[in-house]
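*Asks:* If you scroll down you'll find the structure; I have some questions about it.
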Amino acid sequence: MLDVQTIHHVSVCVRDLEKAKSFYGGKLGLTEIERPPFDFSGAWYAVGASGQQLHLIVHNGETLREGPIDTRDGHFALRVASYKAARLWLESQGIPYEARPHARTGFPQIYVLDPDHNVIELNADVCDEE
């Protein structure tokens with residue numbers, strides 16, 4: 001059996017790197033980190049203080065999706081400190097979202113799309129509004 005310790009990184013495909021960087025770095029506030037000199041464009045971001053990373057890869061392949069939020073589609077989740085603060089931040093940034101304050105998971109969820117329609121879940125330990 002593998003002795004898995006944590007998720008190291010998640011990679012998502014993007015078409016327009018500058019637009020994606022504006023979203024992940026500018027709107028979501030992730031910190032860009034150094035990336036090796038690959039022969040293709042992309043960007044790496046630190047996610048929290050635990051060493052986990054998000055990698056953006058410029059790729060026009062068929063893994064990119066179209067359409068609205070589909071929570072059963074492949075996605076990654078970021079745990080946030082406050083559900084209410086995350087929802088208010090998304091509104092201040094003009095980012096459309098689907099809120100599930102009382103999700104069946106037992107923790108509140110918010111779903112958003114990045115500029116390339118990658119699905120991102122934001123979740124918190126508890127729903128701190130209402």
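Every chain in the structure tokens has a letter given in the order shown (A, B, ...), and although residue numbers restart at 1 in each chain, ligands are simply numbered from 1 in the order shown.
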Compile the contact shell of Glu32 (chain A) as a list in words: residues with an atom at most 10 Å away, counting only C-alpha atoms, same-chain residues fewer than 5 positions apart removed.
*Replies:*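 Contacts, in chain order: Lys21, Tyr24, Gly25, Ala43, Trp44, Tyr45, Ala46, Val47, Gln53, Leu54 and His55 of chain A.
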*Asks:* Any chance you could list, as a VMD selection string, the residues in region 56-109 of chain A that come up strand (DSSP E) when DSSP is run on the backbone?
*Replies:* chain A and resid 56 to 58 75 to 79 98 to 100 109
*Asks:* What gap, in Å, lies between CA of Gln52 (chain A) and CA of His8 (chain A)?
*Replies:* 4.9 Å
*Asks:* Quick one: residues within 12 Å of Phe23 (chain A), only C-alpha atoms counted, chain neighbours fewer than 5 positions away excluded, as an MDAnalysis selection string?
*Replies:* chainID A and resid 14 16:18 28:32 45 56 90 93:95 112:118 120
*Asks:* With only C-alpha atoms as the atoms that count, which of A:Lys19, A:Ser82, A:Asp125, A:Phe76 lies nearest to Ile7 (chain A)?
*Replies:*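 Using only C-alpha atoms, Ile7 (chain A) sits closest to A:Phe76.
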*Asks:* Please identify all polymer residues within 10 Å of Cys127 (chain A), counting only C-alpha atoms, omitting same-chain residues fewer than 4 positions from it, and present them as a list in words.
*Replies:*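 Near neighbours after the sequence-gap exclusion: Ser82, Tyr83, Lys84, Arg100, Pro101, His102, Ala103, Gly106, Phe107, Pro108, Gln109 and Asn123 of chain A.
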*Asks:* Store the residues of this selection in a file with C-alpha atoms, as a compact mmCIF listing (two decimals), in the first residue's frame.
*Replies:*
```txt
# COMPACT_ATOMS: atom_id res chain seq x y z
CA SER A 82 -14.80 31.74 6.52
CA TYR A 83 -17.69 30.79 4.26
CA LYS A 84 -19.28 34.22 4.66
CA ARG A 100 -24.49 25.59 -0.89
CA PRO A 101 -24.47 26.76 2.74
CA HIS A 102 -26.13 23.55 3.94
CA ALA A 103 -24.60 20.99 1.57
CA GLY A 106 -21.87 18.39 6.16
CA PHE A 107 -19.77 21.46 5.36
CA PRO A 108 -20.73 24.56 3.34
CA GLN A 109 -19.58 24.78 -0.27
CA ASN A 123 -15.48 25.08 1.37
```
*Asks:* Within 10 Å of Ala81 (chain A), counting only C-alpha atoms, which residues qualify if same-chain residues fewer than 3 places away don't, as a compact mmCIF listing (two decimals) with N, CA and C atoms, in the first residue's frame?
*Replies:*
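See selection_33.txt below for the written result:
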```txt
# COMPACT_ATOMS: atom_id res chain seq x y z
N LEU A 78 -10.65 24.21 -2.37
CA LEU A 78 -9.80 24.98 -1.47
C LEU A 78 -10.59 25.22 -0.18
N LYS A 84 -18.68 32.91 4.90
CA LYS A 84 -19.28 34.22 4.66
C LYS A 84 -18.28 35.16 4.01
N ALA A 85 -17.07 35.22 4.51
CA ALA A 85 -16.04 36.10 3.95
C ALA A 85 -15.72 35.71 2.51
N ALA A 86 -15.67 34.41 2.23
CA ALA A 86 -15.39 33.96 0.86
C ALA A 86 -16.51 34.39 -0.08
N LEU A 122 -14.92 26.02 -3.13
CA LEU A 122 -14.42 26.64 -1.92
C LEU A 122 -15.29 26.10 -0.79
N ASN A 123 -14.69 25.60 0.26
CA ASN A 123 -15.48 25.08 1.37
C ASN A 123 -14.90 25.52 2.69
N ALA A 124 -15.74 25.50 3.71
CA ALA A 124 -15.33 25.90 5.05
C ALA A 124 -15.78 24.84 6.04
N ASP A 125 -15.23 24.92 7.22
CA ASP A 125 -15.58 23.96 8.27
C ASP A 125 -17.04 24.08 8.67
N VAL A 126 -17.50 25.33 8.79
CA VAL A 126 -18.90 25.59 9.20
C VAL A 126 -19.45 26.76 8.39
N ASP A 128 -20.80 30.18 8.60
CA ASP A 128 -20.76 31.25 9.59
C ASP A 128 -21.62 32.46 9.20
```
*Asks:* Could you find all residues in chain A that DSSP calls helix (DSSP H, G or I) from the backbone, and write them as a PyMOL selection string?
*Replies:* chain A and resi 17-27+83-92
*Asks:* Those selected residues, please, written with N, CA, C and O atoms and delivered as an mmCIF file, in the first residue's frame.
*Replies:*
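Below is the file that was written, selection.cif:
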```
data_model
loop_
_atom_site.group_PDB
_atom_site.id
_atom_site.type_symbol
_atom_site.label_atom_id
_atom_site.label_comp_id
_atom_site.auth_asym_id
_atom_site.auth_seq_id
_atom_site.Cartn_x
_atom_site.Cartn_y
_atom_site.Cartn_z
ATOM 1 N N LEU A 17 -2.949 32.415 -20.409
ATOM 2 C CA LEU A 17 -2.217 32.432 -19.145
ATOM 3 C C LEU A 17 -2.418 33.733 -18.385
ATOM 4 O O LEU A 17 -2.611 33.714 -17.168
ATOM 5 N N GLU A 18 -2.381 34.865 -19.061
ATOM 6 C CA GLU A 18 -2.526 36.136 -18.360
ATOM 7 C C GLU A 18 -3.908 36.273 -17.723
ATOM 8 O O GLU A 18 -4.043 36.759 -16.607
ATOM 9 N N LYS A 19 -4.933 35.831 -18.420
ATOM 10 C CA LYS A 19 -6.290 35.876 -17.863
ATOM 11 C C LYS A 19 -6.388 34.941 -16.655
ATOM 12 O O LYS A 19 -6.974 35.284 -15.633
ATOM 13 N N ALA A 20 -5.785 33.757 -16.764
ATOM 14 C CA ALA A 20 -5.799 32.798 -15.653
ATOM 15 C C ALA A 20 -5.017 33.341 -14.455
ATOM 16 O O ALA A 20 -5.458 33.220 -13.308
ATOM 17 N N LYS A 21 -3.869 33.959 -14.706
ATOM 18 C CA LYS A 21 -3.071 34.527 -13.615
ATOM 19 C C LYS A 21 -3.817 35.667 -12.930
ATOM 20 O O LYS A 21 -3.750 35.811 -11.708
ATOM 21 N N SER A 22 -4.534 36.452 -13.702
ATOM 22 C CA SER A 22 -5.335 37.528 -13.122
ATOM 23 C C SER A 22 -6.406 36.963 -12.189
ATOM 24 O O SER A 22 -6.683 37.525 -11.130
ATOM 25 N N PHE A 23 -6.988 35.832 -12.570
ATOM 26 C CA PHE A 23 -8.023 35.197 -11.757
ATOM 27 C C PHE A 23 -7.419 34.575 -10.492
ATOM 28 O O PHE A 23 -7.823 34.893 -9.376
ATOM 29 N N TYR A 24 -6.448 33.678 -10.666
ATOM 30 C CA TYR A 24 -5.909 32.938 -9.522
ATOM 31 C C TYR A 24 -5.067 33.815 -8.603
ATOM 32 O O TYR A 24 -5.168 33.725 -7.377
ATOM 33 N N GLY A 25 -4.222 34.668 -9.162
ATOM 34 C CA GLY A 25 -3.384 35.540 -8.351
ATOM 35 C C GLY A 25 -4.101 36.806 -7.923
ATOM 36 O O GLY A 25 -4.041 37.203 -6.768
ATOM 37 N N GLY A 26 -4.817 37.421 -8.860
ATOM 38 C CA GLY A 26 -5.480 38.685 -8.574
ATOM 39 C C GLY A 26 -6.768 38.533 -7.803
ATOM 40 O O GLY A 26 -6.945 39.134 -6.749
ATOM 41 N N LYS A 27 -7.680 37.728 -8.311
ATOM 42 C CA LYS A 27 -9.000 37.619 -7.675
ATOM 43 C C LYS A 27 -9.032 36.640 -6.506
ATOM 44 O O LYS A 27 -9.643 36.914 -5.488
ATOM 45 N N TYR A 83 -16.740 30.915 5.373
ATOM 46 C CA TYR A 83 -17.691 30.791 4.258
ATOM 47 C C TYR A 83 -18.249 32.159 3.889
ATOM 48 O O TYR A 83 -18.258 32.552 2.729
ATOM 49 N N LYS A 84 -18.685 32.907 4.904
ATOM 50 C CA LYS A 84 -19.281 34.217 4.660
ATOM 51 C C LYS A 84 -18.277 35.163 4.008
ATOM 52 O O LYS A 84 -18.599 35.840 3.029
ATOM 53 N N ALA A 85 -17.067 35.222 4.515
ATOM 54 C CA ALA A 85 -16.042 36.103 3.950
ATOM 55 C C ALA A 85 -15.717 35.712 2.512
ATOM 56 O O ALA A 85 -15.516 36.581 1.664
ATOM 57 N N ALA A 86 -15.671 34.411 2.230
ATOM 58 C CA ALA A 86 -15.393 33.957 0.863
ATOM 59 C C ALA A 86 -16.511 34.389 -0.079
ATOM 60 O O ALA A 86 -16.252 34.893 -1.182
ATOM 61 N N ARG A 87 -17.751 34.210 0.338
ATOM 62 C CA ARG A 87 -18.886 34.606 -0.494
ATOM 63 C C ARG A 87 -18.872 36.107 -0.754
ATOM 64 O O ARG A 87 -19.044 36.569 -1.884
ATOM 65 N N LEU A 88 -18.617 36.900 0.284
ATOM 66 C CA LEU A 88 -18.567 38.349 0.127
ATOM 67 C C LEU A 88 -17.408 38.774 -0.771
ATOM 68 O O LEU A 88 -17.530 39.713 -1.566
ATOM 69 N N TRP A 89 -16.267 38.097 -0.656
ATOM 70 C CA TRP A 89 -15.121 38.405 -1.507
ATOM 71 C C TRP A 89 -15.457 38.123 -2.967
ATOM 72 O O TRP A 89 -15.166 38.939 -3.849
ATOM 73 N N LEU A 90 -16.062 36.978 -3.241
ATOM 74 C CA LEU A 90 -16.434 36.642 -4.621
ATOM 75 C C LEU A 90 -17.359 37.709 -5.193
ATOM 76 O O LEU A 90 -17.196 38.138 -6.333
ATOM 77 N N GLU A 91 -18.322 38.153 -4.403
ATOM 78 C CA GLU A 91 -19.237 39.199 -4.856
ATOM 79 C C GLU A 91 -18.485 40.487 -5.150
ATOM 80 O O GLU A 91 -18.740 41.149 -6.160
ATOM 81 N N SER A 92 -17.537 40.859 -4.295
ATOM 82 C CA SER A 92 -16.782 42.098 -4.502
ATOM 83 C C SER A 92 -15.915 42.029 -5.757
ATOM 84 O O SER A 92 -15.599 43.052 -6.347
#
```
